[in-house]
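*Asks:* Supplied structure: model_38.cif, mmCIF, C-alpha atoms.
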```cif
data_input
loop_
_atom_site.label_atom_id
_atom_site.label_comp_id
_atom_site.auth_asym_id
_atom_site.auth_seq_id
_atom_site.Cartn_x
_atom_site.Cartn_y
_atom_site.Cartn_z
CA MET A 1 -16.29 -2.85 10.57
CA LYS A 2 -15.38 -4.24 13.96
CA ARG A 3 -13.45 -7.29 14.89
CA ILE A 4 -15.82 -9.95 16.13
CA ASN A 5 -15.20 -10.73 19.81
CA SER A 6 -13.15 -7.58 20.22
CA VAL A 7 -13.07 -7.26 23.97
CA ALA A 8 -10.54 -4.57 24.68
CA THR A 9 -8.10 -2.17 23.12
CA MET A 10 -4.37 -2.49 23.48
CA ALA A 11 -4.34 0.27 26.10
CA ALA A 12 -6.75 -1.70 28.23
CA ILE A 13 -4.77 -4.89 27.82
CA MET A 14 -1.24 -3.54 28.17
CA LYS A 15 -1.28 -2.73 31.87
CA ARG A 16 2.33 -1.67 32.20
CA LYS A 17 2.67 -4.90 34.09
CA THR A 18 6.29 -5.43 33.10
CA ARG A 19 6.71 -2.47 30.72
CA LEU A 20 8.37 -4.83 28.27
CA ILE A 21 7.41 -5.66 24.68
CA LEU A 22 9.02 -8.67 23.02
CA ALA A 23 10.35 -8.06 19.51
CA LEU A 24 9.75 -11.50 18.08
CA ASP A 25 12.59 -11.25 15.56
CA VAL A 26 12.63 -14.82 14.31
CA ILE A 27 11.46 -16.23 11.00
CA SER A 28 10.51 -19.75 12.06
CA ARG A 29 6.88 -20.37 13.02
CA ALA A 30 7.88 -23.09 15.48
CA LYS A 31 10.46 -20.90 17.20
CA ALA A 32 8.03 -17.98 17.30
CA LEU A 33 5.32 -20.01 19.00
CA TYR A 34 7.81 -21.62 21.38
CA LEU A 35 9.24 -18.25 22.45
CA VAL A 36 5.81 -16.69 22.97
CA GLN A 37 4.70 -19.59 25.16
CA LEU A 38 7.98 -19.52 27.08
CA LEU A 39 8.10 -15.76 27.61
CA ARG A 40 4.61 -14.27 27.39
CA GLU A 41 4.15 -13.85 31.14
CA TYR A 42 7.13 -11.47 31.16
CA PHE A 43 5.84 -9.20 28.40
CA ASP A 44 2.93 -6.81 28.00
CA ALA A 45 2.80 -7.41 24.23
CA ILE A 46 4.53 -9.23 21.38
CA LYS A 47 5.82 -7.23 18.41
CA ILE A 48 5.78 -9.08 15.09
CA GLY A 49 7.34 -7.84 11.85
CA TYR A 50 7.31 -8.70 8.17
CA PRO A 51 10.22 -11.17 8.20
CA LEU A 52 8.17 -13.56 10.34
CA ILE A 53 4.90 -12.79 8.54
CA LEU A 54 6.44 -13.35 5.10
CA SER A 55 8.11 -16.60 6.17
CA ALA A 56 5.45 -18.16 8.39
CA GLY A 57 2.46 -16.59 6.67
CA PRO A 58 0.11 -13.83 7.91
CA TRP A 59 -1.93 -16.31 9.97
CA ILE A 60 0.92 -16.39 12.48
CA VAL A 61 -0.59 -13.11 13.73
CA LYS A 62 -3.84 -14.93 14.44
CA ASP A 63 -2.08 -17.75 16.26
CA ILE A 64 0.06 -15.50 18.44
CA SER A 65 -2.91 -13.23 19.17
CA CYS A 66 -4.47 -16.22 20.93
CA LEU A 67 -1.50 -16.25 23.30
CA ALA A 68 -0.70 -12.56 23.87
CA PRO A 69 -1.53 -9.04 22.61
CA VAL A 70 0.15 -8.49 19.22
CA ILE A 71 1.67 -5.30 17.84
CA ALA A 72 2.14 -5.67 14.07
CA ASP A 73 5.27 -3.68 13.28
CA LEU A 74 4.80 -3.24 9.56
CA LYS A 75 6.32 0.25 9.22
CA ILE A 76 3.38 0.95 6.92
CA ALA A 77 4.40 3.49 4.26
CA ASP A 78 2.13 3.45 1.24
CA ILE A 79 -0.71 5.48 -0.27
CA PRO A 80 -3.87 5.87 1.86
CA ASN A 81 -5.96 3.10 0.30
CA THR A 82 -3.14 0.55 0.38
CA ASN A 83 -2.39 1.49 4.00
CA LYS A 84 -6.03 0.88 4.88
CA LEU A 85 -6.00 -2.56 3.24
CA ILE A 86 -2.77 -3.49 5.05
CA CYS A 87 -4.25 -2.43 8.39
CA GLU A 88 -7.47 -4.35 7.76
CA ALA A 89 -5.59 -7.53 6.89
CA MET A 90 -3.70 -7.42 10.19
CA LEU A 91 -6.58 -6.28 12.39
CA GLU A 92 -8.81 -9.02 10.99
CA LYS A 93 -6.16 -11.49 12.15
CA GLY A 94 -6.25 -10.11 15.68
CA ALA A 95 -3.42 -7.56 15.90
CA LEU A 96 -4.27 -5.07 18.67
CA ALA A 97 -1.85 -2.41 17.51
CA LEU A 98 0.00 -1.42 14.34
CA ILE A 99 3.14 0.58 13.66
CA ALA A 100 3.15 2.99 10.71
CA HIS A 101 5.55 5.51 9.19
CA ALA A 102 4.57 9.18 9.14
CA PHE A 103 6.86 10.22 6.28
CA PRO A 104 4.36 9.37 3.50
CA GLY A 105 2.27 12.22 4.93
CA PHE A 106 -0.99 13.07 6.62
CA ASP A 107 -3.50 11.24 4.42
CA SER A 108 -1.54 7.98 4.50
CA LEU A 109 -1.23 8.09 8.28
CA GLN A 110 -4.84 9.16 8.72
CA ALA A 111 -5.95 6.12 6.71
CA CYS A 112 -4.13 3.91 9.23
CA ALA A 113 -5.50 5.82 12.22
CA ASP A 114 -9.09 5.63 10.96
CA CYS A 115 -8.89 1.94 10.19
CA VAL A 116 -7.23 1.06 13.49
CA ARG A 117 -9.84 3.08 15.39
CA SER A 118 -12.72 1.29 13.67
CA TYR A 119 -11.33 -1.96 15.11
CA GLU A 120 -10.83 -0.43 18.59
CA ALA A 121 -7.13 -1.09 18.14
CA GLU A 122 -4.18 1.30 18.42
CA LEU A 123 -1.69 3.02 16.16
CA PHE A 124 1.93 3.78 16.97
CA VAL A 125 3.85 6.13 14.70
CA VAL A 126 7.58 5.98 13.93
CA THR A 127 9.13 9.31 14.88
CA GLN A 128 12.71 8.24 14.74
CA MET A 129 14.78 5.14 13.99
CA SER A 130 18.04 4.04 15.57
CA HIS A 131 20.09 2.80 12.57
CA PRO A 132 22.76 5.18 11.19
CA GLY A 133 20.91 5.75 7.89
CA ALA A 134 18.02 7.37 9.75
CA GLU A 135 20.21 10.43 10.40
CA LEU A 136 19.94 11.44 6.74
CA PHE A 137 16.25 12.22 6.20
CA MET A 138 14.34 11.07 9.28
CA ALA A 139 16.26 12.49 12.24
CA PRO A 140 16.01 16.12 11.06
CA LEU A 141 12.23 15.65 10.72
CA PHE A 142 11.48 13.96 14.04
CA GLN A 143 9.47 16.87 15.41
CA GLU A 144 7.31 17.09 12.29
CA LEU A 145 6.82 13.30 12.28
CA THR A 146 5.79 13.44 15.95
CA ARG A 147 3.40 16.30 15.21
CA LEU A 148 1.73 14.20 12.52
CA ALA A 149 1.19 11.42 15.08
CA LEU A 150 -0.64 13.99 17.23
CA GLU A 151 -2.66 15.27 14.27
CA VAL A 152 -4.11 11.83 13.55
CA ASP A 153 -4.54 11.21 17.29
CA ALA A 154 -2.42 8.06 17.33
CA ALA A 155 -2.17 6.11 20.58
CA GLY A 156 1.53 6.75 20.71
CA VAL A 157 4.90 6.84 19.03
CA VAL A 158 8.04 4.77 18.57
CA ALA A 159 11.23 6.49 19.76
CA PRO A 160 14.64 4.86 20.22
CA ALA A 161 15.92 3.97 23.69
CA THR A 162 19.41 4.79 22.42
CA LYS A 163 18.52 8.51 22.63
CA PRO A 164 16.99 9.33 26.04
CA ASP A 165 17.19 13.08 25.36
CA ARG A 166 15.10 12.58 22.26
CA ILE A 167 12.57 10.56 24.28
CA LYS A 168 12.40 13.37 26.84
CA PHE A 169 11.73 15.91 24.10
CA ILE A 170 9.09 13.75 22.45
CA ARG A 171 7.44 13.20 25.86
CA SER A 172 7.18 16.98 26.21
CA MET A 173 5.43 17.12 22.82
CA ILE A 174 2.93 14.27 23.22
CA GLY A 175 1.69 14.57 26.81
CA SER A 176 0.17 11.34 28.05
CA LYS A 177 0.36 9.37 24.80
CA THR A 178 2.35 6.15 24.87
CA ILE A 179 6.04 5.91 23.93
CA ILE A 180 7.39 2.49 22.97
CA SER A 181 11.20 2.28 22.70
CA PRO A 182 13.38 -0.19 20.80
CA GLY A 183 17.17 -0.20 21.04
CA VAL A 184 17.69 -1.67 24.50
CA GLY A 185 20.17 -4.52 24.80
CA VAL A 186 22.15 -5.42 21.67
CA GLN A 187 21.86 -1.87 20.30
CA GLY A 188 23.19 -0.48 23.56
CA GLY A 189 20.31 1.62 24.92
CA SER A 190 20.06 1.75 28.72
CA PRO A 191 16.69 0.41 29.93
CA SER A 192 16.58 2.58 33.05
CA ALA A 193 17.64 5.71 31.18
CA ALA A 194 14.95 5.21 28.54
CA LEU A 195 12.24 4.70 31.17
CA ALA A 196 13.46 7.65 33.23
CA ALA A 197 13.36 9.81 30.09
CA GLY A 198 9.70 8.98 29.60
CA ALA A 199 9.38 5.73 27.68
CA ASP A 200 6.33 3.70 28.68
CA TYR A 201 7.49 0.39 27.25
CA LEU A 202 10.84 -1.04 26.24
CA ILE A 203 10.99 -3.21 23.15
CA VAL A 204 13.56 -5.98 23.56
CA GLY A 205 14.39 -8.74 21.15
CA ARG A 206 17.74 -10.28 20.39
CA SER A 207 19.18 -9.80 23.90
CA ILE A 208 16.42 -12.08 25.19
CA ILE A 209 15.63 -14.51 22.41
CA GLU A 210 19.27 -15.14 21.50
CA ALA A 211 20.30 -15.64 25.13
CA ASP A 212 21.29 -19.14 26.21
CA ASN A 213 18.53 -18.88 28.79
CA PRO A 214 15.86 -16.41 27.63
CA VAL A 215 13.93 -16.64 30.91
CA SER A 216 17.00 -15.73 33.00
CA ALA A 217 17.80 -12.92 30.56
CA VAL A 218 14.38 -11.33 30.89
CA GLU A 219 14.36 -11.80 34.68
CA ARG A 220 17.72 -10.00 34.88
CA LEU A 221 16.34 -7.17 32.75
CA LEU A 222 13.24 -6.92 34.93
CA SER A 223 15.25 -6.75 38.14
CA GLU A 224 17.36 -4.04 36.52
CA ILE A 225 14.38 -1.81 35.76
CA GLN A 226 12.19 -2.46 38.78
CA MET B 1 22.81 -17.17 -1.80
CA LYS B 2 21.21 -17.61 -5.21
CA ARG B 3 17.75 -18.61 -6.15
CA ILE B 4 17.77 -22.12 -7.49
CA ASN B 5 16.80 -22.19 -11.16
CA SER B 6 17.29 -18.47 -11.47
CA VAL B 7 17.55 -18.06 -15.20
CA ALA B 8 17.44 -14.36 -15.79
CA THR B 9 17.12 -11.00 -14.14
CA MET B 10 14.09 -8.79 -14.48
CA ALA B 11 15.92 -6.62 -17.03
CA ALA B 12 16.46 -9.63 -19.23
CA ILE B 13 12.87 -10.77 -18.88
CA MET B 14 11.09 -7.43 -19.16
CA LYS B 15 11.67 -6.78 -22.84
CA ARG B 16 9.67 -3.60 -23.11
CA LYS B 17 7.31 -5.75 -25.08
CA THR B 18 4.22 -3.78 -24.08
CA ARG B 19 5.83 -1.34 -21.61
CA LEU B 20 2.99 -2.07 -19.22
CA ILE B 21 3.15 -3.42 -15.65
CA LEU B 22 -0.07 -4.68 -14.07
CA ALA B 23 -0.70 -3.44 -10.53
CA LEU B 24 -2.55 -6.48 -9.20
CA ASP B 25 -4.53 -4.48 -6.64
CA VAL B 26 -6.92 -7.18 -5.49
CA ILE B 27 -7.00 -9.11 -2.24
CA SER B 28 -8.59 -12.35 -3.41
CA ARG B 29 -6.26 -15.17 -4.40
CA ALA B 30 -8.75 -16.49 -6.94
CA LYS B 31 -9.24 -13.10 -8.57
CA ALA B 32 -5.50 -12.49 -8.60
CA LEU B 33 -4.78 -15.76 -10.40
CA TYR B 34 -7.69 -15.26 -12.80
CA LEU B 35 -6.54 -11.77 -13.75
CA VAL B 36 -2.92 -12.83 -14.28
CA GLN B 37 -3.98 -15.67 -16.55
CA LEU B 38 -6.38 -13.42 -18.43
CA LEU B 39 -4.00 -10.50 -18.86
CA ARG B 40 -0.40 -11.66 -18.62
CA GLU B 41 0.28 -11.56 -22.35
CA TYR B 42 -0.41 -7.82 -22.30
CA PHE B 43 2.04 -7.02 -19.48
CA ASP B 44 5.80 -7.16 -19.04
CA ALA B 45 5.46 -7.78 -15.29
CA ILE B 46 2.92 -8.10 -12.49
CA LYS B 47 3.24 -5.81 -9.46
CA ILE B 48 2.02 -7.33 -6.19
CA GLY B 49 1.64 -5.47 -2.89
CA TYR B 50 1.05 -6.23 0.76
CA PRO B 51 -2.77 -6.17 0.69
CA LEU B 52 -2.78 -9.28 -1.54
CA ILE B 53 0.18 -10.90 0.25
CA LEU B 54 -1.39 -10.40 3.69
CA SER B 55 -4.76 -11.71 2.54
CA ALA B 56 -3.78 -14.59 0.25
CA GLY B 57 -0.49 -15.41 2.00
CA PRO B 58 3.09 -14.84 0.81
CA TRP B 59 3.04 -18.00 -1.36
CA ILE B 60 0.86 -16.11 -3.84
CA VAL B 61 4.16 -14.59 -4.99
CA LYS B 62 5.42 -18.08 -5.79
CA ASP B 63 2.26 -19.00 -7.67
CA ILE B 64 2.14 -15.85 -9.76
CA SER B 65 5.89 -16.07 -10.45
CA CYS B 66 5.12 -19.29 -12.31
CA LEU B 67 2.88 -17.30 -14.65
CA ALA B 68 4.71 -13.99 -15.11
CA PRO B 69 7.62 -11.90 -13.76
CA VAL B 70 6.69 -10.48 -10.36
CA ILE B 71 7.63 -7.11 -8.86
CA ALA B 72 6.98 -7.18 -5.10
CA ASP B 73 5.93 -3.65 -4.23
CA LEU B 74 6.53 -3.73 -0.49
CA LYS B 75 7.70 -0.12 -0.06
CA ILE B 76 10.34 -1.59 2.24
CA ALA B 77 11.19 0.92 4.97
CA ASP B 78 12.86 -0.68 7.98
CA ILE B 79 16.33 -1.05 9.51
CA PRO B 80 18.98 -2.77 7.35
CA ASN B 81 18.72 -6.28 8.82
CA THR B 82 14.93 -6.34 8.69
CA ASN B 83 15.01 -5.04 5.11
CA LYS B 84 17.36 -7.86 4.18
CA LEU B 85 15.06 -10.47 5.72
CA ILE B 86 12.03 -9.01 3.92
CA CYS B 87 13.88 -9.09 0.58
CA GLU B 88 15.03 -12.67 1.13
CA ALA B 89 11.52 -13.86 1.95
CA MET B 90 10.20 -12.44 -1.33
CA LEU B 91 13.14 -13.42 -3.53
CA GLU B 92 13.01 -16.98 -2.23
CA LYS B 93 9.39 -17.08 -3.42
CA GLY B 94 10.41 -15.99 -6.90
CA ALA B 95 9.96 -12.22 -7.05
CA LEU B 96 12.25 -10.83 -9.74
CA ALA B 97 12.17 -7.26 -8.50
CA LEU B 98 11.38 -5.38 -5.28
CA ILE B 99 10.34 -1.84 -4.51
CA ALA B 100 11.89 -0.09 -1.50
CA HIS B 101 11.74 3.34 0.10
CA ALA B 102 14.91 5.45 0.21
CA PHE B 103 13.56 7.50 3.12
CA PRO B 104 15.09 5.33 5.90
CA GLY B 105 18.52 6.14 4.50
CA PHE B 106 21.58 4.68 2.82
CA ASP B 107 22.26 1.59 4.94
CA SER B 108 18.64 0.43 4.80
CA LEU B 109 18.51 0.82 1.03
CA GLN B 110 21.95 -0.74 0.58
CA ALA B 111 20.76 -3.82 2.49
CA CYS B 112 17.97 -4.22 -0.07
CA ALA B 113 20.29 -3.60 -3.01
CA ASP B 114 22.86 -6.13 -1.80
CA CYS B 115 20.26 -8.79 -1.13
CA VAL B 116 18.46 -8.28 -4.43
CA ARG B 117 21.78 -8.44 -6.30
CA SER B 118 22.74 -11.72 -4.66
CA TYR B 119 19.57 -13.20 -6.17
CA GLU B 120 20.24 -11.64 -9.59
CA ALA B 121 17.02 -9.72 -9.13
CA GLU B 122 16.38 -5.97 -9.32
CA LEU B 123 15.61 -3.11 -6.99
CA PHE B 124 13.38 -0.13 -7.75
CA VAL B 125 13.46 2.84 -5.40
CA VAL B 126 10.55 5.15 -4.59
CA THR B 127 11.58 8.71 -5.44
CA GLN B 128 8.17 10.24 -5.26
CA MET B 129 4.58 9.26 -4.59
CA SER B 130 1.42 10.62 -6.15
CA HIS B 131 -0.98 10.95 -3.20
CA PRO B 132 -1.46 14.45 -1.70
CA GLY B 133 0.29 13.56 1.59
CA ALA B 134 3.55 12.95 -0.27
CA GLU B 135 3.92 16.69 -0.80
CA LEU B 136 4.74 17.19 2.90
CA PHE B 137 8.03 15.32 3.43
CA MET B 138 8.75 13.30 0.29
CA ALA B 139 8.27 15.73 -2.61
CA PRO B 140 10.84 18.26 -1.32
CA LEU B 141 13.39 15.42 -1.05
CA PHE B 142 12.85 13.75 -4.43
CA GLN B 143 16.30 14.65 -5.76
CA GLU B 144 18.05 13.29 -2.65
CA LEU B 145 15.91 10.14 -2.76
CA THR B 146 16.82 9.66 -6.43
CA ARG B 147 20.50 10.22 -5.65
CA LEU B 148 20.34 7.47 -3.03
CA ALA B 149 18.95 5.10 -5.67
CA LEU B 150 22.03 5.87 -7.76
CA GLU B 151 24.37 5.43 -4.79
CA VAL B 152 23.20 1.88 -4.17
CA ASP B 153 23.15 1.22 -7.93
CA ALA B 154 19.48 0.27 -8.02
CA ALA B 155 18.06 -0.97 -11.33
CA GLY B 156 15.67 1.94 -11.40
CA VAL B 157 13.18 4.19 -9.69
CA VAL B 158 9.45 4.68 -9.25
CA ALA B 159 8.20 8.10 -10.35
CA PRO B 160 4.56 9.13 -10.83
CA ALA B 161 3.06 9.40 -14.31
CA THR B 162 0.95 12.27 -12.98
CA LYS B 163 4.06 14.50 -13.10
CA PRO B 164 5.77 14.21 -16.51
CA ASP B 165 8.09 17.14 -15.72
CA ARG B 166 9.32 15.29 -12.66
CA ILE B 167 9.90 12.16 -14.76
CA LYS B 168 11.90 14.24 -17.25
CA PHE B 169 14.05 15.64 -14.44
CA ILE B 170 14.61 12.22 -12.88
CA ARG B 171 15.51 10.82 -16.31
CA SER B 172 18.21 13.51 -16.56
CA MET B 173 19.57 12.37 -13.18
CA ILE B 174 19.60 8.61 -13.69
CA GLY B 175 20.78 8.09 -17.27
CA SER B 176 19.81 4.70 -18.63
CA LYS B 177 18.33 3.26 -15.43
CA THR B 178 14.71 2.15 -15.58
CA ILE B 179 11.76 4.36 -14.61
CA ILE B 180 8.48 2.66 -13.73
CA SER B 181 5.49 4.99 -13.42
CA PRO B 182 2.21 4.53 -11.57
CA GLY B 183 -0.64 7.02 -11.76
CA VAL B 184 -1.98 6.33 -15.26
CA GLY B 185 -5.72 5.81 -15.59
CA VAL B 186 -7.82 6.37 -12.47
CA GLN B 187 -5.30 8.83 -11.00
CA GLY B 188 -5.35 10.83 -14.24
CA GLY B 189 -1.79 10.53 -15.55
CA SER B 190 -1.46 10.58 -19.36
CA PRO B 191 0.18 7.39 -20.64
CA SER B 192 1.73 9.03 -23.70
CA ALA B 193 2.97 12.05 -21.73
CA ALA B 194 4.65 9.83 -19.13
CA LEU B 195 6.37 7.72 -21.80
CA ALA B 196 7.41 10.81 -23.77
CA ALA B 197 8.87 12.29 -20.58
CA GLY B 198 11.09 9.23 -20.15
CA ALA B 199 9.16 6.53 -18.31
CA ASP B 200 10.14 3.02 -19.42
CA TYR B 201 7.08 1.24 -18.05
CA LEU B 202 3.60 2.35 -17.05
CA ILE B 203 2.04 0.72 -14.02
CA VAL B 204 -1.71 0.34 -14.48
CA GLY B 205 -4.18 -1.26 -12.13
CA ARG B 206 -7.72 -0.23 -11.40
CA SER B 207 -8.45 1.18 -14.88
CA ILE B 208 -7.87 -2.32 -16.25
CA ILE B 209 -8.90 -4.74 -13.54
CA GLU B 210 -12.06 -2.85 -12.62
CA ALA B 211 -13.11 -2.44 -16.25
CA ASP B 212 -16.16 -4.39 -17.43
CA ASN B 213 -13.89 -5.95 -20.01
CA PRO B 214 -10.26 -5.88 -18.81
CA VAL B 215 -8.92 -7.22 -22.12
CA SER B 216 -10.63 -4.48 -24.15
CA ALA B 217 -9.40 -1.89 -21.64
CA VAL B 218 -5.78 -2.94 -21.94
CA GLU B 219 -6.04 -3.21 -25.73
CA ARG B 220 -7.38 0.36 -25.84
CA LEU B 221 -4.50 1.53 -23.67
CA LEU B 222 -1.97 -0.27 -25.88
CA SER B 223 -3.35 1.27 -29.06
CA GLU B 224 -3.16 4.67 -27.35
CA ILE B 225 0.54 4.36 -26.54
CA GLN B 226 1.81 2.50 -29.61
#
```
Just give me the structure as C-alpha cells.
*Replies:*
Amino acid sequence: MKRINSVATMAAIMKRKTRLILALDVISRAKALYLVQLLREYFDAIKIGYPLILSAGPWIVKDISCLAPVIADLKIADIPNTNKLICEAMLEKGALALIAHAFPGFDSLQACADCVRSYEAELFVVTQMSHPGAELFMAPLFQELTRLALEVDAAGVVAPATKPDRIKFIRSMIGSKTIISPGVGVQGGSPSAALAAGADYLIVGRSIIEADNPVSAVERLLSEIQ
Amino acid sequence: MKRINSVATMAAIMKRKTRLILALDVISRAKALYLVQLLREYFDAIKIGYPLILSAGPWIVKDISCLAPVIADLKIADIPNTNKLICEAMLEKGALALIAHAFPGFDSLQACADCVRSYEAELFVVTQMSHPGAELFMAPLFQELTRLALEVDAAGVVAPATKPDRIKFIRSMIGSKTIISPGVGVQGGSPSAALAAGADYLIVGRSIIEADNPVSAVERLLSEIQ
C-alpha cells in the first residue's frame, strides 16, 4: 500500500539544509500552524508528538504535512500488529518519518520498519533518552537497542545531544545512517558538540518556540552552528 | 485539576461484574460504537488503543466514555512532561484508566501516576508483553518493571494470560493491586487458568469482535469462567 502522490522519502526531502528539526511541542492547533508557517524555512522537518495529536486530532499531521516534512514522534511501543496499525494511520496522513521504541523487541520494530518502507517513508529508532529515569533500564541497553535499529534497517536513530560521547559511539556503530538529536537548548546540550560528535540533525523545541522572538532565536542558533 | 463531573474511579466502577475487559481492536468509528452498544453489558470496561484513536480521532474516547468505562491503552513511553500531557489529553476526554510502560523509568511513570491520580483515575503498568519480541529486553526485567509499578503506587499491572505462572508470581509481588490480562482467545491463553493464577480481569478482543456472533461468543466465554 503506497501513499498516493508520494513523491519522495524523508531522506530525499531533508537536505541537511539547516540541520535543524523543530519539536512542535505545543497542544494548540492554532499555535502549531502559526509556528510552522513562521519557522518552516529554518527547519528541515517538523517533529510532532502525541500531546498535539491527542489535543488537535490526528488530522493535524495532514495539515502540517502540507507545509513541511513531518516526523511523527510516537515512541511506538506495542505488539507488532498494533504497531503496524499506528504506523499506517500516521503515514496515511502524510508523515514522512516515524519514531519507534526498540525495547518491545525485534518483531515489534520490524512491523514498523516494514510498514514505513511500504510507504517509502523512514523509521528512526530510540536508542537512548535524556531524562533521568532512562538511566534505569534504557541506558544500559543502548548498544542492543542500536543494534536492533540496524537489524531492521531503520533510516536512523534518536540519540541525545546531551551526551556527545554516546553520539560518537553510536555513529561508530551505525555508519552512514542518520542520527537525530534532541536535548539542545533548554536541556543543556551543546549544538556544536552534538554535531561534531556525529549528529546529522538537532531537534530543538522549547528554546525556540518559547522565545520572545522565535525567529531571532533560531537565527542565533543557526549562526552558532554554521 | 479534576475532571468535571468525575463521579467515581475505575476501581469503584469496575465491579468485577463479569471480570471481562473488551479490547476494542477496530479502527472504524462506526464499528467501535456498534460493538460497544452491542456488548457493553458483558464487560466491566472497554480498552481503546492508538489505532482506533488515530483513525477515528481522540474524541472517540469521549463518545465511548458515555457508554462504558474506558481504559486508554496507550503504552505511554516518553519523557515525564510528554507523558503528563498525553495522560491529560485522555483523562480530559473521560478515560477512567490509562496503560503506561515502566521501561522509560521512574520519573516517566511517576508523571503518569501523578496525573492520573489528580483526575481520580487509575494507572495500569505493563510488566510483560506476550509477543515473541518481548522476550529480548522486557521479559528478563519483569520483576523490576513490576516493582516500579509498586513504587509509583499504580492501581495495577498488565500481565499476559498466556503465562499463568508469571501471573502467580506477579500476584505474590503486588498484593491486592489489580491484574488485567490480555492473551485469552486468539493468542491461546486459558481464561480459567489466568483467573485461577490471580488475574482480576481478562482482556478479550478478536475472539469476540471477529466472531460471527459476538454475543454468543462472549456468553460462551462467560459460562466457561463462571
*Asks:* Only residues of chain B matter here; which ones have an atom within 8 Å of chain A, counting all atoms listed in the file? Give them as a PyMOL selection string.
*Replies:* chain B and resi 50-51+54-55+57-58+75+77-80+82+85-86+89-90+103-108+129+131-138
*Asks:* Using all atoms listed in the file, find the one residue out of B:Arg29, B:Arg40, B:Arg171, B:Lys47 that sits nearest to Ala68 (chain B).
*Replies:*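 Answer, going by the shortest atom-to-atom distance: B:Arg40.
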*Asks:* Taking the file as I've supplied it (selection: the PyMOL selection byres ((chain B and resi 181-194) around 8)), which residues are included? Please answer as a ChimeraX atom specification.
*Replies:* /B:130,158-164,167,179-180,195-204,206-207,224-225
*Asks:* In Å, rounded to a single decimal, give me how far CA of Ala113 (chain B) is from CA of Gln143 (chain B).
*Replies:*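 Interatomic distance here is 18.9 Å.
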*Asks:* For the structure shown, which residues end up in the PyMOL selection byres ((chain B and resi 69) around 10)? Put them as a tab-separated table (two decimals) with C-alpha atoms, keeping the file's coordinate frame, please?
*Replies:*
```
chain	number	residue	atom	x	y	z
B	9	THR	CA	17.12	-11.00	-14.14
B	10	MET	CA	14.09	-8.79	-14.48
B	13	ILE	CA	12.87	-10.77	-18.88
B	14	MET	CA	11.09	-7.43	-19.16
B	21	ILE	CA	3.15	-3.42	-15.65
B	40	ARG	CA	-0.40	-11.66	-18.62
B	43	PHE	CA	2.04	-7.02	-19.48
B	44	ASP	CA	5.80	-7.16	-19.04
B	45	ALA	CA	5.46	-7.78	-15.29
B	46	ILE	CA	2.92	-8.10	-12.49
B	47	LYS	CA	3.24	-5.81	-9.46
B	61	VAL	CA	4.16	-14.59	-4.99
B	64	ILE	CA	2.14	-15.85	-9.76
B	65	SER	CA	5.89	-16.07	-10.45
B	66	CYS	CA	5.12	-19.29	-12.31
B	67	LEU	CA	2.88	-17.30	-14.65
B	68	ALA	CA	4.71	-13.99	-15.11
B	70	VAL	CA	6.69	-10.48	-10.36
B	71	ILE	CA	7.63	-7.11	-8.86
B	72	ALA	CA	6.98	-7.18	-5.10
B	94	GLY	CA	10.41	-15.99	-6.90
B	95	ALA	CA	9.96	-12.22	-7.05
B	96	LEU	CA	12.25	-10.83	-9.74
B	97	ALA	CA	12.17	-7.26	-8.50
```
*Asks:* Kindly resolve the PyMOL selection byres ((chain A and resi 124) around 7) on the present coordinates and return the residues as a VMD selection string.
*Replies:* chain A and resid 98 to 100 122 to 123 125 to 126 154 to 158
*Asks:* Quick one: of B:Tyr119, B:Val152, B:Leu91, B:Leu35, who's nearest to Lys62 (chain B), counting all atoms listed in the file?
*Replies:*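 Nearest to Lys62 (chain B): B:Leu91.
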*Asks:* Just the number, please: distance in Å from CA of Leu222 (chain A) to CA of Gln37 (chain A), one decimal.
*Replies:*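 CA of Gln37 (chain A) lies at a distance of 18.1 Å from CA of Leu222 (chain A).
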*Asks:* Just how far from CA of Ala30 (chain B) is CA of Ile60 (chain B), in Å to one decimal?
*Replies:*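 Computed distance, CA of Ile60 (chain B) to CA of Ala30 (chain B), equals 10.1 Å.
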*Asks:* Between B:Pro140, B:Cys112, B:Lys168, B:Ile208, which is the closest to Asp153 (chain B) once you count all atoms listed in the file?
*Replies:* B:Cys112
*Asks:* Given the choices A:Val215, A:Asp114, A:Thr127, A:Gln226, which gets closest to Leu38 (chain A) if the distance is worked out from only C-alpha atoms?
*Replies:* A:Val215
*Asks:* As AutoDock Vina command-line options, what would the box around region 33-52 of chain B look like: edges along x, y and z, 5 Å added on every side, centre and edge lengths in Å to one decimal?
*Replies:*
```
--center_x -0.9 --center_y -10.6 --center_z -10.8 --size_x 23.5 --size_y 20.3 --size_z 33.1
```
*Asks:* For N, CA, C and O atoms, please extract region 73-78 of chain B from the block and return it as a PDB file, in the first residue's frame.
*Replies:*
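The result, stored in selection-v9.pdb:
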```
ATOM      1  N   ASP B  73      -5.406   2.404  26.363  1.00  0.00           N
ATOM      2  CA  ASP B  73      -4.193   1.571  26.331  1.00  0.00           C
ATOM      3  C   ASP B  73      -3.200   2.215  25.373  1.00  0.00           C
ATOM      4  O   ASP B  73      -3.104   1.834  24.213  1.00  0.00           O
ATOM      5  N   LEU B  74      -2.458   3.193  25.881  1.00  0.00           N
ATOM      6  CA  LEU B  74      -1.565   3.963  25.015  1.00  0.00           C
ATOM      7  C   LEU B  74      -0.121   3.503  25.138  1.00  0.00           C
ATOM      8  O   LEU B  74       0.752   4.022  24.454  1.00  0.00           O
ATOM      9  N   LYS B  75       0.143   2.548  26.025  1.00  0.00           N
ATOM     10  CA  LYS B  75       1.525   2.095  26.253  1.00  0.00           C
ATOM     11  C   LYS B  75       2.464   3.306  26.295  1.00  0.00           C
ATOM     12  O   LYS B  75       3.479   3.378  25.598  1.00  0.00           O
ATOM     13  N   ILE B  76       2.109   4.233  27.159  1.00  0.00           N
ATOM     14  CA  ILE B  76       2.815   5.526  27.235  1.00  0.00           C
ATOM     15  C   ILE B  76       4.285   5.288  27.566  1.00  0.00           C
ATOM     16  O   ILE B  76       4.601   4.553  28.502  1.00  0.00           O
ATOM     17  N   ALA B  77       5.182   5.914  26.800  1.00  0.00           N
ATOM     18  CA  ALA B  77       6.606   5.597  26.946  1.00  0.00           C
ATOM     19  C   ALA B  77       7.479   6.776  26.524  1.00  0.00           C
ATOM     20  O   ALA B  77       8.375   6.635  25.692  1.00  0.00           O
ATOM     21  N   ASP B  78       7.235   7.937  27.118  1.00  0.00           N
ATOM     22  CA  ASP B  78       8.006   9.115  26.718  1.00  0.00           C
ATOM     23  C   ASP B  78       8.634   9.758  27.958  1.00  0.00           C
ATOM     24  O   ASP B  78       8.613   9.181  29.050  1.00  0.00           O
TER      25      ASP B  78
END
```
